[in-house]
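Structure first, commentary second.
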Amino acid sequence: VDAVCAEALQRLCGGSSSCTKMSSSEDESVSAYSDSHEEAAARAGHRPRQCTDCLCIPIFLAALGVMGYVLHYARNNGDMARVWHGIDFENQLCGVDEAVAEKPYLFWCAKPGAELATQAMEAAGVGAGGSVMSLSHRLDLVHPICVSSC
């Protein structure tokens with residue numbers, strides 16, 4: 001391997017012991033190599049390189065425009081507080097509506113008997129470690145409530 005590397009280095013450097021700058025003839029040989037490489041690729045059935053994302057750019061820009069329109073429409077016609085605040089099971093905005101103005105946090109209670117089910121699952125080695133799957137089985141996600149502190 002070292003002999004092959006040394007031979008390649010010698011060819012690149014033109015026989016000198018140090019490489020500093022390529023001469024114009026070596027520069028032309030590199031250019032000839034890249035031309036012959038492209039010709040070989042064309043003969044092998046490869047197409048010349050080109051931009052493949054030209055069609056995707058207008059589609060992406062159109063999607064950004066549609067998203068901008070949706071955001072503009074939502075700000076003008078909707079209630080953006082519903083995006084930032086939790087909504088309890090009685091459809092009240094936590095920390096915003098009068099009935100829950102002093103309760104800014106949303107909380108999901110455990111399902112009845114969830115502790116026993118959790119212990120059984122962990123004993124069996126299923127859903128251990130608080131995975132999302134085991135959490136969805138332990139929490140009552142249908143009835144969230146607003147609370148004043150966590």
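Convention: chains lettered A, B, ... in structure tokens order; per-chain residue numbering from 1; ligands numbered from 1 as shown.
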
* Asked: Quick one: residues within 9 Å of stretch 101-103 of chain A, only C-alpha atoms counted, chain neighbours fewer than 3 positions away excluded, as a ChimeraX atom specification?
  -> /A:93-98,106,146-149

* Interatomic distance between atom CA of A:Leu55 and atom CA of A:Met67? -> 19.0 Å

* Could you work out how far atom CA of A:Leu139 lies from atom CA of A:Pro112, giving the answer in Å with one decimal? ->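 Answer for the atom CA of A:Pro112 to atom CA of A:Leu139 separation: 9.0 Å.
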
* **Gap from atom CA of A:Lys111 to atom CA of A:Cys150 - Å, one decimal** =>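 Result for atom CA of A:Lys111 versus atom CA of A:Cys150: 17.8 Å, one decimal.
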
* Run DSSP on the backbone and grab whatever in stretch 43-113 of chain A lands in strand (DSSP E or B); send it over as a PyMOL selection string. => chain A and resi 87+93+105-107+110

Take the selection from the previous step and output its residues with N, CA, C and O atoms, as a PDB file, in the first residue's frame.
```
ATOM      1  N   ILE A  87     -57.066  23.909  27.011  1.00  0.00           N
ATOM      2  CA  ILE A  87     -58.524  23.913  27.037  1.00  0.00           C
ATOM      3  C   ILE A  87     -58.970  22.710  27.850  1.00  0.00           C
ATOM      4  O   ILE A  87     -58.589  21.575  27.544  1.00  0.00           O
ATOM      5  N   LEU A  93     -60.821  28.073  28.473  1.00  0.00           N
ATOM      6  CA  LEU A  93     -59.389  28.352  28.296  1.00  0.00           C
ATOM      7  C   LEU A  93     -58.751  28.586  29.654  1.00  0.00           C
ATOM      8  O   LEU A  93     -59.126  29.511  30.377  1.00  0.00           O
ATOM      9  N   TYR A 105     -52.792  26.414  34.306  1.00  0.00           N
ATOM     10  CA  TYR A 105     -52.159  25.181  33.832  1.00  0.00           C
ATOM     11  C   TYR A 105     -53.192  24.107  33.527  1.00  0.00           C
ATOM     12  O   TYR A 105     -54.212  23.992  34.197  1.00  0.00           O
ATOM     13  N   LEU A 106     -52.873  23.288  32.528  1.00  0.00           N
ATOM     14  CA  LEU A 106     -53.733  22.168  32.157  1.00  0.00           C
ATOM     15  C   LEU A 106     -53.156  20.894  32.757  1.00  0.00           C
ATOM     16  O   LEU A 106     -51.949  20.667  32.723  1.00  0.00           O
ATOM     17  N   PHE A 107     -54.037  20.061  33.323  1.00  0.00           N
ATOM     18  CA  PHE A 107     -53.587  18.845  33.997  1.00  0.00           C
ATOM     19  C   PHE A 107     -54.457  17.675  33.558  1.00  0.00           C
ATOM     20  O   PHE A 107     -55.673  17.797  33.455  1.00  0.00           O
ATOM     21  N   ALA A 110     -54.933  10.777  36.323  1.00  0.00           N
ATOM     22  CA  ALA A 110     -54.728   9.356  36.043  1.00  0.00           C
ATOM     23  C   ALA A 110     -56.096   8.683  35.929  1.00  0.00           C
ATOM     24  O   ALA A 110     -57.063   9.077  36.577  1.00  0.00           O
TER      25      ALA A 110
END
```

Do a neighbour search on A:Met80 at 12 Å with only C-alpha atoms, toss out local chain neighbours closer than 6 positions, and write the hits as a PDB file with C-alpha atoms, in the first residue's frame.
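Generated output (part-v2.pdb):
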```
ATOM      1  CA  LEU A  71     -51.871  32.286   9.521  1.00  0.00           C
ATOM      2  CA  HIS A  72     -53.178  35.692   8.380  1.00  0.00           C
ATOM      3  CA  TYR A  73     -56.751  34.369   8.218  1.00  0.00           C
ATOM      4  CA  ALA A  74     -56.429  32.750  11.660  1.00  0.00           C
ATOM      5  CA  GLY A  86     -54.840  24.747  27.439  1.00  0.00           C
ATOM      6  CA  LEU A  93     -59.389  28.352  28.296  1.00  0.00           C
ATOM      7  CA  VAL A  96     -58.276  33.188  30.344  1.00  0.00           C
TER       8      VAL A  96
END
```
